[in-house]
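Asks: Quick one: this structure, given as structure tokens, is what I'll be asking you about.
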Amino acid sequence: MAARNYGVVAYRQLRACGLDRQAIAWRVARARLVQLYPGVYAVGHAQLRIEGKWLAAVHAGGARAALSHADAASLWELAPVRGSRIDVTTPARSGCVPDRPVRLHRVGTLRDDEVTVHRGIPVTTVARTLLDLAATTRSRTIEDLIAQSDRLDLFDLRSVRRVIAAHPRQPGRRTLTSVLDRLEGTGAADLRSRTEVAMLQLCDDFGLPWPLANVPIAGYTVDFHWPGTDLIVETDGFSYHSMPTVFESDRDRDQLLVLAGYRVIRFTYNQLTRGRRRSAQRLRDLLGGSGSL
């Protein structure tokens, strides 16, 4: 059983296997069971993979608990694993509070159809995860999560709309609704990279006009273009554009776009995230020169 569950077992599971309290205590005393939380054990050792840590935290939250928020997004492979705290949500209003690093969310709004099991771990559905994260996450990051879920064939617009409608007082409802309205008709997967998300966030934060993303111009799909201007902005992510063949093809298409009458400017991820104010001013100047400001 432990092998199927990332080396983690709960007290209730041990009892269901036929072990009584004395048998469990005997194994704990001899370190055959290593207590992670009250009633939650690792079998043999406590050096667990992230999946084992997630499952242990869910067991610590109680029988109806589920992995949620940022950790749910990581389990669904929508975002990388971040931080040391593990988010767990339960509809139970009472019970023991797990020790750190669990961050337990007690919410009476978690419905049965908003929890599933993925890779053997109880977790909030993608739709519910997006709603939870929208309460504390910037809208452009939510767009990025939606785009990634769409690439993985996990995004279901009807499911997300149903979750929003079921929770009219949920803190993230307004943000998520706004993002969906903005994406409606364009396709969530149009925002293809974190660098592109950073560009759109830059425009939001510094009051710059919104461009069209991933639009066809002169036979190419360009990252950003402001209608009525000659300005095209391409955003370079290092892992993709550092490949020699891609570097050459990028420069070739830049030259052809210039010959077609457009100005092509490139921004890197670091410029958009670490040098935001400088990049915003340069973009403002470029747009001003194109007559859009």
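Ordered as shown in the structure tokens, chains take letters A, B, and onward, while each chain numbers its residues from 1 and ligands are numbered from 1 in the order shown.
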Near Leu152 (chain A), counting only C-alpha atoms, which residues have an atom at most 10 Å away, once you skip same-chain residues fewer than 6 positions from it, shown as a PyMOL selection string?

Replies: chain A and resi 76-78+146+189

Asks: So that I have them on file, write out the residues from the current selection with N, CA and C atoms, as a compact mmCIF listing (two decimals), in the first residue's frame.

Replies:
```
# COMPACT_ATOMS: atom_id res chain seq x y z
N TRP A 76 -1.15 19.48 -11.12
CA TRP A 76 -1.74 19.43 -12.45
C TRP A 76 -0.74 19.82 -13.53
N GLU A 77 0.48 20.21 -13.12
CA GLU A 77 1.55 20.62 -14.04
C GLU A 77 1.22 21.92 -14.76
N LEU A 78 0.49 22.79 -14.06
CA LEU A 78 0.20 24.11 -14.60
C LEU A 78 1.26 25.12 -14.22
N ILE A 146 -4.31 29.32 -17.34
CA ILE A 146 -5.37 28.86 -18.25
C ILE A 146 -4.74 28.37 -19.56
N ALA A 189 -5.01 29.35 -25.34
CA ALA A 189 -3.66 28.92 -25.69
C ALA A 189 -2.91 29.95 -26.53
```

Asks: Based on DSSP run over this structure's backbone, return all residues of region 134-260 of chain A in alpha helix (DSSP H), as JSON, numbers by chain.

Replies: {"A": [134, 139, 140, 141, 142, 143, 144, 145, 146, 147, 148, 149, 150, 151, 157, 158, 159, 160, 161, 162, 163, 164, 165, 166, 173, 174, 175, 176, 177, 178, 179, 180, 181, 182, 183, 194, 195, 196, 197, 198, 199, 200, 201, 202, 203, 204, 205, 238, 239, 240, 241, 244, 245, 246, 247, 248, 249, 250, 251, 252, 253, 254, 255, 256, 257, 258, 259]}

Asks: Quick one: residues within 8 Å of region 260-276 of chain A, only C-alpha atoms, excluding same-chain residues fewer than 3 positions away - as JSON, numbers by chain?

Replies: {"A": [195, 198, 199, 202, 218, 230, 231, 232, 233, 234, 235, 236, 237, 238, 254, 256, 257, 279, 280]}

Asks: Could you write out the selected residues, including N, CA and C atoms, as a PDB file, in the first residue's frame?

Replies:
```pdb
ATOM      1  N   THR A 195       6.985  34.709 -20.939  1.00  0.00           N
ATOM      2  CA  THR A 195       7.505  35.996 -21.388  1.00  0.00           C
ATOM      3  C   THR A 195       6.396  36.845 -21.991  1.00  0.00           C
ATOM      4  N   ALA A 198       4.358  38.234 -19.240  1.00  0.00           N
ATOM      5  CA  ALA A 198       5.054  39.358 -18.605  1.00  0.00           C
ATOM      6  C   ALA A 198       4.880  40.639 -19.415  1.00  0.00           C
ATOM      7  N   MET A 199       4.876  40.526 -20.746  1.00  0.00           N
ATOM      8  CA  MET A 199       4.669  41.709 -21.588  1.00  0.00           C
ATOM      9  C   MET A 199       3.276  42.300 -21.374  1.00  0.00           C
ATOM     10  N   LEU A 202       3.075  44.037 -18.127  1.00  0.00           N
ATOM     11  CA  LEU A 202       3.759  45.328 -18.204  1.00  0.00           C
ATOM     12  C   LEU A 202       2.824  46.389 -18.768  1.00  0.00           C
ATOM     13  N   ALA A 218       2.295  39.567 -42.752  1.00  0.00           N
ATOM     14  CA  ALA A 218       3.261  39.305 -43.835  1.00  0.00           C
ATOM     15  C   ALA A 218       3.684  37.840 -43.880  1.00  0.00           C
ATOM     16  N   ASP A 230       3.197  50.612 -37.033  1.00  0.00           N
ATOM     17  CA  ASP A 230       4.127  49.732 -37.741  1.00  0.00           C
ATOM     18  C   ASP A 230       4.967  48.926 -36.753  1.00  0.00           C
ATOM     19  N   LEU A 231       4.600  48.951 -35.466  1.00  0.00           N
ATOM     20  CA  LEU A 231       5.421  48.343 -34.430  1.00  0.00           C
ATOM     21  C   LEU A 231       5.052  46.875 -34.184  1.00  0.00           C
ATOM     22  N   ILE A 232       6.061  46.024 -34.225  1.00  0.00           N
ATOM     23  CA  ILE A 232       5.936  44.610 -33.838  1.00  0.00           C
ATOM     24  C   ILE A 232       6.925  44.364 -32.703  1.00  0.00           C
ATOM     25  N   VAL A 233       6.454  43.723 -31.649  1.00  0.00           N
ATOM     26  CA  VAL A 233       7.325  43.344 -30.547  1.00  0.00           C
ATOM     27  C   VAL A 233       7.385  41.830 -30.467  1.00  0.00           C
ATOM     28  N   GLU A 234       8.583  41.299 -30.486  1.00  0.00           N
ATOM     29  CA  GLU A 234       8.816  39.874 -30.274  1.00  0.00           C
ATOM     30  C   GLU A 234       9.442  39.687 -28.908  1.00  0.00           C
ATOM     31  N   THR A 235       9.013  38.668 -28.183  1.00  0.00           N
ATOM     32  CA  THR A 235       9.522  38.410 -26.836  1.00  0.00           C
ATOM     33  C   THR A 235      10.327  37.131 -26.854  1.00  0.00           C
ATOM     34  N   ASP A 236      11.572  37.208 -26.403  1.00  0.00           N
ATOM     35  CA  ASP A 236      12.494  36.078 -26.460  1.00  0.00           C
ATOM     36  C   ASP A 236      12.599  35.378 -25.115  1.00  0.00           C
ATOM     37  N   GLY A 237      12.187  34.111 -25.077  1.00  0.00           N
ATOM     38  CA  GLY A 237      12.457  33.266 -23.920  1.00  0.00           C
ATOM     39  C   GLY A 237      13.752  32.532 -24.173  1.00  0.00           C
ATOM     40  N   PHE A 238      14.652  32.490 -23.191  1.00  0.00           N
ATOM     41  CA  PHE A 238      16.009  31.988 -23.414  1.00  0.00           C
ATOM     42  C   PHE A 238      16.034  30.544 -23.877  1.00  0.00           C
ATOM     43  N   ASP A 254      12.790  38.705 -38.993  1.00  0.00           N
ATOM     44  CA  ASP A 254      12.834  40.121 -38.614  1.00  0.00           C
ATOM     45  C   ASP A 254      13.150  40.980 -39.840  1.00  0.00           C
ATOM     46  N   LEU A 256      12.718  40.277 -43.027  1.00  0.00           N
ATOM     47  CA  LEU A 256      11.623  40.263 -43.988  1.00  0.00           C
ATOM     48  C   LEU A 256      10.464  41.144 -43.526  1.00  0.00           C
ATOM     49  N   LEU A 257      10.221  41.184 -42.230  1.00  0.00           N
ATOM     50  CA  LEU A 257       9.160  42.047 -41.702  1.00  0.00           C
ATOM     51  C   LEU A 257       9.533  43.521 -41.867  1.00  0.00           C
ATOM     52  N   SER A 279      11.851  49.271 -19.477  1.00  0.00           N
ATOM     53  CA  SER A 279      11.230  48.663 -20.656  1.00  0.00           C
ATOM     54  C   SER A 279       9.902  49.330 -20.991  1.00  0.00           C
ATOM     55  N   ALA A 280       9.136  49.680 -19.961  1.00  0.00           N
ATOM     56  CA  ALA A 280       7.851  50.340 -20.196  1.00  0.00           C
ATOM     57  C   ALA A 280       8.055  51.696 -20.859  1.00  0.00           C
TER      58      ALA A 280
END
```

Asks: Would you compute the distance between CA of Tyr37 (chain A) and CA of Pro122 (chain A)? Give it in Å to one decimal.

Replies: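 Separation of CA of Tyr37 (chain A) and CA of Pro122 (chain A): 17.4 Å.
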
Asks: Got a sec: who's within 8 Å of region 82-95 of chain A, counting only C-alpha atoms, leaving out chain neighbours fewer than 3 positions off, as a JSON list (two decimals) with C-alpha atoms, in the first residue's frame?

Replies:
```
[["chain", "number", "residue", "atom", "x", "y", "z"],
["A", 54, "TRP", "CA", 1.63, 16.43, -0.80],
["A", 57, "ALA", "CA", -0.31, 16.95, 3.98],
["A", 58, "VAL", "CA", -3.71, 15.94, 2.55],
["A", 61, "GLY", "CA", -6.00, 17.73, 6.74],
["A", 62, "GLY", "CA", -8.59, 15.01, 7.35],
["A", 64, "ARG", "CA", -12.30, 15.14, 3.15],
["A", 65, "ALA", "CA", -9.24, 17.29, 2.51],
["A", 66, "ALA", "CA", -7.65, 17.95, -0.88],
["A", 67, "LEU", "CA", -4.48, 19.52, -2.19],
["A", 68, "SER", "CA", -5.32, 23.05, -3.38],
["A", 69, "HIS", "CA", -4.16, 26.47, -4.56],
["A", 70, "ALA", "CA", -0.54, 26.67, -5.80],
["A", 71, "ASP", "CA", 0.26, 23.07, -4.91],
["A", 72, "ALA", "CA", -2.79, 21.84, -6.83],
["A", 100, "ARG", "CA", 3.76, 23.28, 9.52],
["A", 101, "PRO", "CA", 4.38, 23.20, 6.62],
["A", 102, "VAL", "CA", 0.66, 22.67, 5.93],
["A", 103, "ARG", "CA", -1.48, 25.75, 5.27],
["A", 104, "LEU", "CA", -5.01, 24.51, 5.97],
["A", 105, "HIS", "CA", -7.93, 26.33, 4.36],
["A", 106, "ARG", "CA", -11.27, 25.59, 6.02],
["A", 107, "VAL", "CA", -14.00, 26.51, 3.57],
["A", 108, "GLY", "CA", -17.64, 25.54, 3.59],
["A", 109, "THR", "CA", -17.86, 26.14, -0.16],
["A", 110, "LEU", "CA", -15.80, 23.16, -1.33],
["A", 111, "ARG", "CA", -18.21, 20.86, -3.13]]
```

Asks: Quick one: pull the distance between CA of Arg251 (chain A) and CA of Glu196 (chain A), Å, one decimal.

Replies: 18.8 Å

Asks: Please return, as a PyMOL selection string, all residues of region 26-248 of chain A that DSSP assigns to strand (DSSP E or B) on the basis of the backbone.

Replies: chain A and resi 33-37+40-43+66-67+86-90+102-106+115-118+121-124+212-217+220-225+231-236

Asks: Report, in Å with one decimal, the straight-line distance from CA of Phe155 (chain A) to CA of Glu114 (chain A).

Replies: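 Result for CA of Phe155 (chain A) versus CA of Glu114 (chain A): 14.0 Å, one decimal.
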
Asks: Measuring atom to atom with only C-alpha atoms, identify which of A:Arg30, A:His167, A:Arg140, A:His59 is nearest to Ala10 (chain A).

Replies: A:His59

Asks: Find the spatial neighbours of region 128-131 of chain A, counting only C-alpha atoms, within a cut-off of 9 Å - ignore same-chain residues fewer than 2 positions away - and output them as a list in words.

Replies: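 Residues near the query, excluding close chain neighbours: Ser68, His69, Ala70, Ala72, Ala73, Leu110, Glu114, Val115, Val123, Thr124, Thr125, Val126, Leu133, Ala134, Ala135, Ile142, Leu145, Ile146, Ser159, Val160, Val163, Ile164, Gln170, Pro171, Gly172, Arg173, Thr175 and Leu176 of chain A.
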
Asks: Rank nothing, just name the residue among A:Leu286, A:Leu14, A:Ile50, A:Ala25 nearest to Leu208 (chain A), using only C-alpha atoms.

Replies: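 Under the stated criterion, the closest residue is A:Leu286.
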